[in-house]
file target-v9.cif (mmCIF, C-alpha atoms)
data_final
#
loop_
_atom_site.label_atom_id
_atom_site.label_comp_id
_atom_site.auth_asym_id
_atom_site.auth_seq_id
_atom_site.Cartn_x
_atom_site.Cartn_y
_atom_site.Cartn_z
CA MET A 1 3.42 -13.57 18.64
CA LEU A 2 3.41 -15.83 15.56
CA GLU A 3 0.05 -17.22 16.59
CA ARG A 4 -1.38 -13.70 16.87
CA ILE A 5 -0.04 -12.78 13.44
CA SER A 6 -1.52 -15.95 11.99
CA THR A 7 -4.94 -15.23 13.56
CA ALA A 8 -4.83 -11.66 12.24
CA ARG A 9 -3.85 -12.83 8.78
CA SER A 10 -6.72 -15.31 8.59
CA GLN A 11 -9.18 -12.56 9.62
CA MET A 12 -7.81 -10.38 6.82
CA ASP A 13 -8.04 -13.22 4.28
CA ALA A 14 -11.61 -13.98 5.34
CA ALA A 15 -12.69 -10.37 4.72
CA CYS A 16 -11.02 -10.29 1.30
CA GLU A 17 -12.78 -13.51 0.33
CA LYS A 18 -16.16 -12.41 1.69
CA LEU A 19 -16.15 -8.97 0.02
CA GLY A 20 -14.41 -10.16 -3.16
CA ARG A 21 -13.04 -6.70 -3.95
CA GLN A 22 -10.42 -4.20 -2.83
CA ILE A 23 -10.95 -3.12 0.79
CA ASN A 24 -9.87 0.42 1.66
CA ILE A 25 -8.88 1.15 5.24
CA MET A 26 -7.95 4.71 6.11
CA GLU A 27 -5.61 5.54 8.97
CA VAL A 28 -6.19 8.99 10.42
CA CYS A 29 -2.99 9.38 12.39
CA GLY A 30 0.46 10.42 11.21
CA THR A 31 2.12 8.15 13.75
CA HIS A 32 0.21 5.17 12.30
CA THR A 33 1.30 6.22 8.80
CA VAL A 34 4.94 6.14 9.88
CA SER A 35 4.53 2.86 11.82
CA ILE A 36 2.88 1.20 8.79
CA PHE A 37 5.75 2.20 6.48
CA ARG A 38 8.61 1.63 8.89
CA ASN A 39 7.43 -1.85 9.77
CA GLY A 40 6.63 -2.86 6.21
CA ILE A 41 3.01 -3.58 7.08
CA ARG A 42 1.71 -2.77 3.59
CA SER A 43 3.67 -5.65 2.13
CA ALA A 44 2.65 -8.03 4.93
CA ILE A 45 -1.12 -7.82 4.38
CA PRO A 46 -3.25 -9.31 1.57
CA GLU A 47 -3.03 -7.46 -1.75
CA LYS A 48 -6.72 -6.67 -1.73
CA LEU A 49 -6.33 -4.69 1.52
CA LYS A 50 -5.36 -1.12 0.70
CA LEU A 51 -4.22 1.27 3.40
CA LEU A 52 -4.97 4.94 2.75
CA SER A 53 -3.20 7.70 4.67
CA GLY A 54 -5.92 10.16 5.63
CA PRO A 55 -5.82 13.62 7.18
CA GLY A 56 -4.09 12.40 10.34
CA CYS A 57 -1.22 14.84 10.57
CA PRO A 58 -2.27 18.19 12.03
CA VAL A 59 0.65 19.99 10.38
CA CYS A 60 -0.39 18.65 6.96
CA VAL A 61 -4.00 19.80 7.26
CA THR A 62 -3.10 23.31 8.41
CA ASP A 63 -4.15 25.68 5.68
CA GLN A 64 -1.62 27.78 3.83
CA GLY A 65 -3.60 30.90 4.74
CA TYR A 66 -2.99 30.12 8.42
CA ILE A 67 0.76 29.79 7.79
CA ASP A 68 0.75 33.18 6.05
CA VAL A 69 -0.95 34.75 9.08
CA THR A 70 1.77 33.31 11.35
CA ILE A 71 4.47 34.68 9.05
CA ASN A 72 2.91 38.15 9.08
CA LEU A 73 2.78 38.08 12.89
CA ALA A 74 6.40 36.91 13.09
CA LYS A 75 7.49 39.96 11.09
CA ARG A 76 6.03 42.37 13.65
CA ASP A 77 8.53 44.04 16.01
CA ASP A 78 6.12 43.86 18.93
CA CYS A 79 5.54 40.07 18.77
CA ILE A 80 7.28 36.84 19.68
CA LEU A 81 5.87 33.81 17.92
CA ALA A 82 6.01 30.62 20.03
CA THR A 83 5.54 27.48 17.96
CA TYR A 84 5.94 23.72 18.11
CA GLY A 85 8.93 22.78 15.95
CA ASP A 86 6.76 20.87 13.46
CA MET A 87 5.40 24.12 12.02
CA MET A 88 8.75 25.75 11.22
CA ARG A 89 9.25 24.32 7.74
CA VAL A 90 5.68 24.38 6.46
CA PRO A 91 5.63 26.60 3.38
CA GLY A 92 3.28 29.56 3.21
CA LYS A 93 2.69 31.44 -0.02
CA ASP A 94 6.19 32.91 -0.23
CA THR A 95 8.22 31.57 2.66
CA SER A 96 8.20 29.53 5.86
CA LEU A 97 8.83 30.48 9.50
CA GLU A 98 12.21 28.77 9.32
CA ALA A 99 13.24 30.69 6.21
CA LEU A 100 12.39 34.11 7.67
CA THR A 101 15.58 36.15 7.89
CA SER A 102 14.05 38.65 10.25
CA GLY A 103 11.35 38.03 12.77
CA ASN A 104 11.07 36.69 16.22
CA VAL A 105 10.20 33.00 16.31
CA LYS A 106 10.87 30.67 19.23
CA VAL A 107 10.37 26.91 19.17
CA VAL A 108 8.65 25.60 22.30
CA LEU A 109 8.01 22.08 23.54
CA SER A 110 4.85 22.94 25.41
CA SER A 111 2.32 25.74 25.85
CA ASP A 112 3.87 26.22 29.31
CA ASP A 113 7.08 27.37 27.61
CA ALA A 114 5.06 29.97 25.70
CA ILE A 115 3.59 31.27 28.97
CA ASN A 116 7.12 31.53 30.40
CA LEU A 117 8.23 33.51 27.31
CA ALA A 118 5.40 35.97 27.98
CA LYS A 119 6.53 36.35 31.62
CA GLU A 120 10.14 36.94 30.54
CA ASN A 121 9.27 39.44 27.79
CA PRO A 122 6.70 41.87 29.21
CA ASP A 123 7.33 44.40 26.40
CA LYS A 124 6.36 41.92 23.65
CA THR A 125 3.16 40.06 22.84
CA VAL A 126 3.74 36.32 22.75
CA VAL A 127 1.55 34.59 20.17
CA PHE A 128 1.31 30.83 20.69
CA ILE A 129 0.76 28.93 17.44
CA ALA A 130 -1.92 26.60 18.72
CA VAL A 131 -2.17 23.72 16.27
CA GLY A 132 -2.95 20.03 16.59
CA PHE A 133 -5.83 17.67 17.16
CA GLU A 134 -7.58 16.97 20.44
CA THR A 135 -4.36 15.58 21.94
CA THR A 136 -2.80 19.03 21.85
CA THR A 137 -5.84 21.29 22.26
CA PRO A 138 -6.18 20.90 26.07
CA ALA A 139 -2.62 22.22 26.52
CA SER A 140 -3.60 25.43 24.71
CA ALA A 141 -6.72 25.76 26.86
CA VAL A 142 -4.62 25.38 30.03
CA ALA A 143 -2.25 28.09 28.78
CA VAL A 144 -5.15 30.52 28.29
CA ALA A 145 -6.45 29.62 31.76
CA ASP A 146 -2.98 30.23 33.22
CA ALA A 147 -2.65 33.59 31.44
CA GLY A 148 -5.96 34.57 33.05
CA LYS A 149 -4.86 33.47 36.53
CA LEU A 150 -1.48 35.17 36.22
CA GLY A 151 -2.96 38.35 34.74
CA LEU A 152 -0.64 38.02 31.72
CA GLU A 153 -1.84 40.68 29.29
CA ASN A 154 0.86 39.98 26.67
CA PHE A 155 -0.14 36.42 25.80
CA CYS A 156 -2.52 35.19 23.12
CA ILE A 157 -3.00 32.17 20.87
CA LEU A 158 -3.68 31.76 17.16
CA SER A 159 -5.94 28.73 17.15
CA GLY A 160 -5.69 26.33 14.24
CA HIS A 161 -6.83 23.38 16.36
CA LYS A 162 -8.72 20.69 14.48
CA LYS A 163 -11.23 18.00 15.41
CA VAL A 164 -10.73 14.54 13.95
CA VAL A 165 -14.31 13.23 13.80
CA PRO A 166 -15.77 16.08 11.66
CA ALA A 167 -13.02 15.40 9.10
CA MET A 168 -13.93 11.70 8.97
CA ASP A 169 -17.57 12.71 8.55
CA ALA A 170 -16.67 15.11 5.71
CA LEU A 171 -14.70 12.39 3.89
CA LEU A 172 -17.62 9.96 4.10
CA SER A 173 -20.19 12.53 3.03
CA ASP A 174 -18.37 12.87 -0.31
CA LYS A 175 -20.12 10.58 -2.80
CA ASN A 176 -16.80 9.59 -4.40
CA HIS A 177 -15.22 8.31 -1.24
CA LYS A 178 -13.92 4.76 -1.20
CA ILE A 179 -13.35 4.24 2.52
CA ASP A 180 -14.56 0.96 4.06
CA ALA A 181 -13.29 1.55 7.59
CA PHE A 182 -11.11 3.75 9.78
CA LEU A 183 -8.06 2.84 11.84
CA CYS A 184 -8.52 5.57 14.44
CA PRO A 185 -5.69 7.51 16.10
CA GLY A 186 -4.28 6.26 19.42
CA HIS A 187 -3.42 9.40 21.33
CA VAL A 188 -6.28 11.55 20.02
CA SER A 189 -8.57 8.78 21.23
CA VAL A 190 -6.98 8.89 24.71
CA ILE A 191 -8.65 12.30 24.94
CA ILE A 192 -11.91 11.90 22.98
CA GLY A 193 -12.61 8.19 23.78
CA THR A 194 -14.02 5.58 21.42
CA ASP A 195 -17.60 6.83 21.96
CA ALA A 196 -16.67 9.89 19.87
CA TYR A 197 -16.69 7.67 16.76
CA LYS A 198 -20.26 6.46 17.32
CA PRO A 199 -21.78 8.95 14.83
CA ILE A 200 -19.45 7.58 12.10
CA VAL A 201 -20.37 3.99 12.93
CA GLU A 202 -24.09 4.72 13.18
CA ASN A 203 -24.54 7.13 10.25
CA TYR A 204 -22.18 5.55 7.75
CA LYS A 205 -21.86 1.93 8.98
CA ARG A 206 -18.07 2.10 8.90
CA PRO A 207 -16.00 0.23 11.52
CA CYS A 208 -13.87 2.55 13.70
CA VAL A 209 -11.04 0.72 15.47
CA VAL A 210 -8.49 2.42 17.71
CA ALA A 211 -5.01 0.93 17.79
CA GLY A 212 -1.69 1.78 19.43
CA PHE A 213 1.52 2.26 17.47
CA GLU A 214 3.47 -0.95 17.82
CA PRO A 215 3.35 -3.09 14.67
CA MET A 216 1.33 -5.80 16.41
CA GLN A 217 -1.27 -3.24 17.50
CA VAL A 218 -1.58 -1.92 13.96
CA ILE A 219 -1.87 -5.44 12.51
CA GLU A 220 -4.48 -6.49 15.07
CA GLY A 221 -6.37 -3.23 14.49
CA ILE A 222 -6.57 -4.00 10.78
CA ALA A 223 -7.60 -7.58 11.62
CA GLU A 224 -10.41 -6.34 13.89
CA ILE A 225 -11.67 -4.12 11.06
CA CYS A 226 -11.61 -7.17 8.77
CA ARG A 227 -13.51 -9.24 11.33
CA GLN A 228 -16.25 -6.60 11.41
CA LEU A 229 -16.36 -6.33 7.61
CA THR A 230 -16.62 -10.11 7.30
CA GLU A 231 -19.52 -10.19 9.73
CA GLY A 232 -21.13 -7.21 8.02
CA ILE A 233 -21.13 -5.09 11.18
CA ALA A 234 -19.67 -1.71 12.15
CA GLU A 235 -18.63 -0.97 15.72
CA THR A 236 -16.33 1.26 17.71
CA LYS A 237 -13.58 -0.76 19.33
CA SER A 238 -10.31 -0.03 21.11
CA ILE A 239 -7.55 -2.57 21.05
CA TYR A 240 -5.29 0.03 22.72
CA GLU A 241 -7.18 -0.56 25.95
CA VAL A 242 -4.32 0.35 28.29
CA ALA A 243 -4.73 4.00 27.29
CA VAL A 244 -8.04 4.43 25.48
CA THR A 245 -11.44 4.13 27.15
CA PRO A 246 -14.96 4.67 25.74
CA THR A 247 -15.34 8.08 27.40
CA GLY A 248 -11.76 9.36 27.06
CA ASN A 249 -10.13 11.93 29.33
CA GLN A 250 -13.04 13.83 30.81
CA ALA A 251 -10.90 16.52 32.46
CA ALA A 252 -9.30 17.30 29.09
CA MET A 253 -12.64 17.32 27.23
CA LYS A 254 -14.10 19.64 29.85
CA ILE A 255 -11.35 22.22 29.50
CA ILE A 256 -11.58 22.09 25.67
CA ASP A 257 -15.33 22.78 25.93
CA GLU A 258 -14.80 25.58 28.41
CA TYR A 259 -12.40 27.55 26.22
CA PHE A 260 -13.05 26.53 22.60
CA GLU A 261 -15.99 26.33 20.21
CA PRO A 262 -16.11 24.60 16.82
CA TYR A 263 -16.62 26.51 13.56
CA ASP A 264 -16.41 25.79 9.84
CA GLY A 265 -12.71 26.35 9.18
CA TYR A 266 -10.47 25.49 6.23
CA TRP A 267 -8.44 22.30 6.13
CA ARG A 268 -5.70 22.01 3.57
CA GLY A 269 -6.94 19.92 0.69
CA LEU A 270 -10.33 19.25 2.24
CA GLY A 271 -11.76 22.78 2.14
CA LYS A 272 -14.22 24.04 4.71
CA ILE A 273 -15.24 21.31 7.15
CA PRO A 274 -18.39 21.87 9.21
CA ASN A 275 -17.40 22.23 12.87
CA GLY A 276 -13.93 20.92 12.05
CA THR A 277 -11.81 23.73 13.50
CA LEU A 278 -11.73 25.22 17.00
CA ARG A 279 -11.53 28.87 17.99
CA LEU A 280 -11.50 30.54 21.40
CA LYS A 281 -14.94 31.45 22.74
CA GLU A 282 -15.79 35.13 22.55
CA LYS A 283 -15.49 35.59 26.31
CA TYR A 284 -11.79 34.73 25.99
CA GLY A 285 -11.36 37.12 23.05
CA LYS A 286 -8.51 39.04 24.69
CA TYR A 287 -6.39 35.89 24.38
CA ASP A 288 -7.33 35.39 20.74
CA ALA A 289 -4.66 36.64 18.30
CA MET A 290 -7.37 37.09 15.64
CA THR A 291 -9.22 39.59 17.84
CA ARG A 292 -6.09 41.26 19.19
CA PHE A 293 -4.59 41.92 15.76
CA GLY A 294 -7.89 42.56 13.97
CA ILE A 295 -7.66 39.55 11.65
CA ASP A 296 -11.18 38.92 10.31
CA GLU A 297 -10.70 35.57 8.68
CA ILE A 298 -7.91 33.19 7.79
CA PRO A 299 -7.84 33.25 3.99
CA ALA A 300 -8.12 29.96 2.11
CA GLU A 301 -5.19 29.43 -0.22
CA ASP A 302 -3.72 26.35 -1.79
CA MET A 303 -0.50 25.66 -3.61
CA THR A 304 -1.07 25.22 -7.33
CA GLY A 305 0.22 21.93 -8.67
CA CYS A 306 0.43 20.39 -5.20
CA ARG A 307 -1.87 17.36 -4.83
CA CYS A 308 -1.59 16.99 -1.05
CA GLY A 309 -5.35 17.52 -0.86
CA GLU A 310 -6.08 14.42 -2.92
CA VAL A 311 -3.49 12.48 -0.91
CA LEU A 312 -5.19 13.50 2.34
CA CYS A 313 -8.57 12.30 1.02
CA GLY A 314 -7.10 8.93 0.06
CA LEU A 315 -7.89 9.56 -3.63
CA ILE A 316 -4.28 9.19 -4.85
CA ASP A 317 -1.02 7.80 -3.52
CA PRO A 318 1.83 10.34 -3.25
CA PRO A 319 3.81 9.06 -6.28
CA GLU A 320 0.83 9.96 -8.50
CA CYS A 321 1.61 13.64 -7.87
CA ALA A 322 3.90 14.99 -10.63
CA MET A 323 5.98 16.93 -8.08
CA PHE A 324 6.67 13.92 -5.82
CA ASP A 325 10.40 13.15 -5.69
CA SER A 326 11.16 15.82 -8.29
CA ALA A 327 10.11 19.36 -7.36
CA CYS A 328 8.97 18.20 -3.92
CA THR A 329 11.34 16.32 -1.57
CA PRO A 330 11.85 16.38 2.22
CA ASP A 331 14.84 18.75 1.74
CA GLU A 332 12.87 21.09 -0.51
CA PRO A 333 9.23 20.45 0.38
CA VAL A 334 6.42 22.10 -1.59
CA GLY A 335 3.43 20.49 0.07
CA PRO A 336 2.80 20.00 3.78
CA CYS A 337 2.59 16.19 3.49
CA MET A 338 6.29 16.26 2.54
CA VAL A 339 7.26 18.70 5.31
CA SER A 340 6.11 16.78 8.33
CA THR A 341 7.90 13.51 9.07
CA GLU A 342 4.41 12.16 9.80
CA GLY A 343 3.07 13.24 6.41
CA ALA A 344 2.06 10.61 3.88
CA CYS A 345 4.42 11.97 1.19
CA SER A 346 7.39 12.08 3.55
CA ALA A 347 6.71 8.49 4.69
CA TRP A 348 6.38 7.32 1.06
CA TYR A 349 9.59 9.14 0.15
CA LYS A 350 11.53 7.65 3.03
CA TYR A 351 10.22 4.09 2.98
CA GLY A 352 8.35 3.53 -0.25
CA ARG A 353 10.56 4.78 -3.08
CA ARG A 354 12.50 1.60 -3.66
CA LYS A 355 9.32 -0.38 -4.15
CA ARG A 356 7.88 2.30 -6.42
CA ARG A 357 10.93 2.25 -8.68
CA GLN A 358 10.69 -1.50 -9.06
CA THR A 359 7.08 -1.33 -10.27
CA MET B 1 2.76 15.64 16.32
CA CYS B 2 0.56 13.48 18.52
CA LEU B 3 3.48 11.43 19.82
CA ALA B 4 3.49 10.77 23.55
CA VAL B 5 6.04 9.22 25.91
CA PRO B 6 5.57 7.40 29.21
CA ALA B 7 7.39 8.57 32.36
CA ARG B 8 7.11 8.14 36.12
CA ILE B 9 6.08 10.99 38.42
CA ILE B 10 8.79 11.49 41.03
CA GLU B 11 7.86 14.90 42.46
CA MET B 12 4.57 16.74 42.46
CA GLU B 13 3.17 20.01 43.75
CA ASP B 14 -0.36 21.06 42.77
CA ASP B 15 -0.57 20.38 39.01
CA LYS B 16 3.17 20.65 38.39
CA ALA B 17 5.33 17.53 38.46
CA VAL B 18 8.80 16.23 37.70
CA VAL B 19 8.88 12.97 35.74
CA ASP B 20 11.59 10.45 35.03
CA ALA B 21 12.02 8.15 32.07
CA MET B 22 15.20 6.09 32.02
CA GLY B 23 17.10 8.69 34.04
CA ASN B 24 15.92 11.65 31.96
CA ARG B 25 13.97 14.12 34.07
CA TRP B 26 11.78 17.01 33.05
CA ASN B 27 8.90 19.18 34.21
CA ILE B 28 5.33 18.45 33.20
CA ARG B 29 1.80 19.48 34.15
CA THR B 30 -0.81 17.11 35.55
CA THR B 31 -3.74 19.49 35.03
CA LEU B 32 -5.49 17.01 32.71
CA THR B 33 -4.99 14.00 35.01
CA PRO B 34 -6.04 15.29 38.44
CA GLU B 35 -6.14 11.76 39.91
CA VAL B 36 -2.41 10.99 39.56
CA LYS B 37 0.04 10.68 42.45
CA ILE B 38 3.78 10.32 42.97
CA GLY B 39 4.96 6.95 41.62
CA ASP B 40 2.34 6.75 38.86
CA ILE B 41 3.38 6.28 35.25
CA VAL B 42 1.77 8.75 32.90
CA LEU B 43 1.70 9.23 29.13
CA ILE B 44 3.03 12.70 28.29
CA HIS B 45 2.18 14.77 25.24
CA ALA B 46 3.49 18.31 24.69
CA GLY B 47 4.35 18.75 28.37
CA PHE B 48 1.06 17.43 29.75
CA ALA B 49 0.15 14.05 31.23
CA ILE B 50 -2.86 12.79 29.26
CA THR B 51 -3.51 9.42 30.94
CA THR B 52 -2.01 6.89 33.33
CA LEU B 53 -0.31 3.77 31.99
CA ASP B 54 0.66 0.45 33.52
CA GLU B 55 4.29 -0.49 33.98
CA GLU B 56 4.22 -3.20 31.33
CA GLU B 57 3.04 -0.82 28.61
CA ALA B 58 5.56 1.85 29.60
CA LYS B 59 8.41 -0.66 29.55
CA LYS B 60 7.70 -1.50 25.89
CA THR B 61 8.37 2.12 24.93
CA TRP B 62 11.36 2.55 27.22
CA GLU B 63 12.98 -0.58 25.81
CA LEU B 64 12.53 0.82 22.32
CA PHE B 65 14.20 4.08 23.37
CA GLU B 66 17.04 2.12 24.91
CA GLU B 67 17.57 0.25 21.68
CA ILE B 68 17.72 3.55 19.78
CA GLU B 69 20.19 5.00 22.32
CA ASN B 70 22.43 1.93 22.04
CA TYR B 71 22.26 2.19 18.29
CA LYS B 72 23.26 5.86 18.40
CA ASP B 73 26.25 5.05 20.64
CA ASN B 74 27.36 2.14 18.51
CA PRO B 75 25.64 2.14 15.13
CA ASN B 76 27.52 -0.90 13.86
CA LYS B 77 26.19 -3.16 16.57
CA ILE B 78 22.52 -3.97 16.33
CA SER B 79 21.20 -6.03 19.20
CA GLY B 80 18.38 -8.55 18.95
#
call {"tool": "encode", "arguments": {"input": "target-v9.cif", "output": "C-alpha cells"}}
result
Amino acid sequence: MLERISTARSQMDAACEKLGRQINIMEVCGTHTVSIFRNGIRSAIPEKLKLLSGPGCPVCVTDQGYIDVTINLAKRDDCILATYGDMMRVPGKDTSLEALTSGNVKVVLSSDDAINLAKENPDKTVVFIAVGFETTTPASAVAVADAGKLGLENFCILSGHKKVVPAMDALLSDKNHKIDAFLCPGHVSVIIGTDAYKPIVENYKRPCVVAGFEPMQVIEGIAEICRQLTEGIAETKSIYEVAVTPTGNQAAMKIIDEYFEPYDGYWRGLGKIPNGTLRLKEKYGKYDAMTRFGIDEIPAEDMTGCRCGEVLCGLIDPPECAMFDSACTPDEPVGPCMVSTEGACSAWYKYGRRKRRQT
Amino acid sequence: MCLAVPARIIEMEDDKAVVDAMGNRWNIRTTLTPEVKIGDIVLIHAGFAITTLDEEEAKKTWELFEEIENYKDNPNKISG
C-alpha cells in the first residue's frame, strides 16, 4: 500500500514540475466528491493539484423548473408521485416535496416499487420521478417496458435523466474553462464504458480516467491523470477494471436507446446542454408524464443569489458563495449542492469547514 | 445517487432474483445482466444488477459495511 502511495505521489509531483502551474482535475461523480473529502485526499496531494467538484450529482443538476413540475403533480388528487428519496428535500421555487403538507408522495427504492404502486392503486396515476445519470436510466426504461407488458395504463414517468458526456463537452466548450483532466464516474462508466469518453479525449485532448471509490482508487486515478499530463498525452483509461470495461453494459445501453432520446434540456447552473437530457421517445408517449398532463416544456428557473451553478462548473469553491454556511446549510438548504449529501457544498460543509476557518 | 452495493444471487426466476449481502436479503432485477446465474456476485444500483463482480472486490465493500455496523452497535470501540 505504502509503495503504491509513494508511486502515485511521485507521478503527481512529476506532473506539477513538468507543467509548472496549477493543474485542475475535475471529478464528475458525487460519490468521488464525498470520498475525496472523507478521506482527506485534498490535503494529501501536491498543492498545485486542484480538485474541482463538477456536475456529478444528478440531484444537484436537476433544474428548479423540473422540481416545480413535480410539486404541481404531487398536489393533484388523481396522482401518486413515486420518487427516490434524494429528491425529497430539493427546493423548488416555493417549497420542496418533503415540505408539502398535502399531496401524495411516496419514496421508492427502485422503479419496480413504482410499478407495484401503480398495480396497488388502479384509481390513481403513478408518476415516477425518473432522475439520474446513465446508472439509473436503464431502470426507468425497464419500468416503462414492464408497464407495457402488464398493460398498466396508470403509470408514467417524468424524465429528468441526464447524460454525463454532453455535460463534460459543454464545460470544455466554454472558453473560460480551466479543466486539465477528468476523473470519470465509476458506476456511470459501468454502463457507458470508457469508450464513451473518446470524443472528450480526441476533441479536447483531456485525459479521462475512471476510478472506483476507495481512497486508493481515487489516488491512483489522479496519479494516472498526472502520468498522462506529464507525457503530454490524453487517453481514456479505467483503473476500476473489475467493473468498468471499454464498451460498458451493452444490455443497459440497448434499453436506454430503445426507450429514450437525447434533447437539449436545462441543467441547473449550466443552462441548456446540447443532447444532455433524455426524454421518452414519441412512440412511448402514453408513459410520458409531459404528454399525459399536457406539459409543453420544463421552465428554466434558477434561485437568485445561489451560486451552485458556478460551483458545478468548477469556477468557484463553495465557501466563495455568500450564502454558504449562513443562509444555506444542510439543515436549511437553499441550493441543490447543499441538499444532496453528494453535493459539493454539503461535502465542503461537512468535511471542509474547519480548514476554511483556519485560513 | 449512483451508489451501488455488491450482493450474491441466491434465487432466480426469469429476470427476478433474491440477493444476499452479509445476511441481508432483498429482491432485485437482473434484466440488465442477462448472463448472470445463481451464485454470482453482482453490483446492484436502484434495485437492478448492473454488472458482475469478483469475490475479492465484493469483500472490500462488505468489510466496510461490517465496520460501520460494528461502529453503530458500539460507537466507543473503533477497530483497526
call {"tool": "atom_distance", "arguments": {"input": "target-v9.cif", "atom1": "CA of Asp146 in chain A", "atom2": "CA of Leu278 in chain A"}}
result
19.1 Å
call {"tool": "residues_around", "arguments": {"input": "target-v9.cif", "residues": "Cys60 in chain A", "least_positions_apart": "3", "cutoff": "10 Å", "atoms": "all atoms listed in the file", "output": "list in words"}}
result
Gly30, Pro55, Gly56, Cys57, Asp63, Gln64, Asp86, Met87, Val90, Trp267, Arg268, Gly269, Cys308, Gly309, Leu312, Gly335, Pro336, Cys337, Met338, Val339, Ser340, Thr341, Glu342, Gly343 and Ala344 of chain A
call {"tool": "resolve_selection", "arguments": {"input": "target-v9.cif", "expression": "the PyMOL selection byres ((chain B and resi 26) around 12)", "output": "PyMOL selection string"}}
result
(chain A and resi 109-110) or (chain B and resi 7-12+16-25+27-29+44+46-48)
call {"tool": "closest_residue", "arguments": {"input": "target-v9.cif", "among": "A:Ala44, A:Val28, A:Ala322, A:Ile157", "to": "chain B", "atoms": "all atoms listed in the file"}}
result
A:Val28
call {"tool": "resolve_selection", "arguments": {"input": "target-v9.cif", "expression": "the PyMOL selection byres ((chain B) within 10 of (chain A))", "output": "list in words"}}
result
Met1, Cys2, Leu3, Ala4, Asn27, Ile28, Arg29, Thr31, Leu32, Thr33, Pro34, Val42, Leu43, His45, Ala46, Gly47, Phe48, Ala49, Ile50, Thr51, Thr52, Leu53, Asp54, Glu56, Glu57, Lys60 and Thr61 of chain B
call {"tool": "write_last_selection", "arguments": {"input": "target-v9.cif", "atoms": "C-alpha atoms", "output": "PDB file, keeping the file's coordinate frame"}}
result
ATOM      1  CA  MET B   1       2.760  15.640  16.320  1.00  0.00           C
ATOM      2  CA  CYS B   2       0.560  13.480  18.520  1.00  0.00           C
ATOM      3  CA  LEU B   3       3.480  11.430  19.820  1.00  0.00           C
ATOM      4  CA  ALA B   4       3.490  10.770  23.550  1.00  0.00           C
ATOM      5  CA  ASN B  27       8.900  19.180  34.210  1.00  0.00           C
ATOM      6  CA  ILE B  28       5.330  18.450  33.200  1.00  0.00           C
ATOM      7  CA  ARG B  29       1.800  19.480  34.150  1.00  0.00           C
ATOM      8  CA  THR B  31      -3.740  19.490  35.030  1.00  0.00           C
ATOM      9  CA  LEU B  32      -5.490  17.010  32.710  1.00  0.00           C
ATOM     10  CA  THR B  33      -4.990  14.000  35.010  1.00  0.00           C
ATOM     11  CA  PRO B  34      -6.040  15.290  38.440  1.00  0.00           C
ATOM     12  CA  VAL B  42       1.770   8.750  32.900  1.00  0.00           C
ATOM     13  CA  LEU B  43       1.700   9.230  29.130  1.00  0.00           C
ATOM     14  CA  HIS B  45       2.180  14.770  25.240  1.00  0.00           C
ATOM     15  CA  ALA B  46       3.490  18.310  24.690  1.00  0.00           C
ATOM     16  CA  GLY B  47       4.350  18.750  28.370  1.00  0.00           C
ATOM     17  CA  PHE B  48       1.060  17.430  29.750  1.00  0.00           C
ATOM     18  CA  ALA B  49       0.150  14.050  31.230  1.00  0.00           C
ATOM     19  CA  ILE B  50      -2.860  12.790  29.260  1.00  0.00           C
ATOM     20  CA  THR B  51      -3.510   9.420  30.940  1.00  0.00           C
ATOM     21  CA  THR B  52      -2.010   6.890  33.330  1.00  0.00           C
ATOM     22  CA  LEU B  53      -0.310   3.770  31.990  1.00  0.00           C
ATOM     23  CA  ASP B  54       0.660   0.450  33.520  1.00  0.00           C
ATOM     24  CA  GLU B  56       4.220  -3.200  31.330  1.00  0.00           C
ATOM     25  CA  GLU B  57       3.040  -0.820  28.610  1.00  0.00           C
ATOM     26  CA  LYS B  60       7.700  -1.500  25.890  1.00  0.00           C
ATOM     27  CA  THR B  61       8.370   2.120  24.930  1.00  0.00           C
TER      28      THR B  61
END
call {"tool": "residues_near_point", "arguments": {"input": "target-v9.cif", "point": "(0.1, 41.5, 16.8)", "cutoff": "6 Å", "atoms": "all atoms listed in the file", "output": "PDB file with C-alpha atoms, keeping the file's coordinate frame"}}
result
ATOM      1  CA  LEU A  73       2.780  38.080  12.890  1.00  0.00           C
ATOM      2  CA  CYS A  79       5.540  40.070  18.770  1.00  0.00           C
ATOM      3  CA  PHE A 293      -4.590  41.920  15.760  1.00  0.00           C
TER       4      PHE A 293
END
call {"tool": "atom_distance", "arguments": {"input": "target-v9.cif", "atom1": "CA of Gly232 in chain A", "atom2": "CA of Ser189 in chain A"}}
result
24.2 Å
call {"tool": "resolve_selection", "arguments": {"input": "target-v9.cif", "expression": "the PyMOL selection byres ((chain A and resi 95-103) around 8)", "output": "CSV table (one decimal) with C-alpha atoms, in the coordinates of the input"}}
result
chain,number,residue,atom,x,y,z
A,67,ILE,CA,0.8,29.8,7.8
A,70,THR,CA,1.8,33.3,11.4
A,71,ILE,CA,4.5,34.7,9.0
A,74,ALA,CA,6.4,36.9,13.1
A,75,LYS,CA,7.5,40.0,11.1
A,76,ARG,CA,6.0,42.4,13.6
A,77,ASP,CA,8.5,44.0,16.0
A,87,MET,CA,5.4,24.1,12.0
A,88,MET,CA,8.8,25.8,11.2
A,89,ARG,CA,9.2,24.3,7.7
A,90,VAL,CA,5.7,24.4,6.5
A,91,PRO,CA,5.6,26.6,3.4
A,92,GLY,CA,3.3,29.6,3.2
A,93,LYS,CA,2.7,31.4,0.0
A,94,ASP,CA,6.2,32.9,-0.2
A,104,ASN,CA,11.1,36.7,16.2
A,105,VAL,CA,10.2,33.0,16.3
call {"tool": "atom_distance", "arguments": {"input": "target-v9.cif", "atom1": "CA of Gly212 in chain A", "atom2": "CA of Tyr240 in chain A"}}
result
5.2 Å
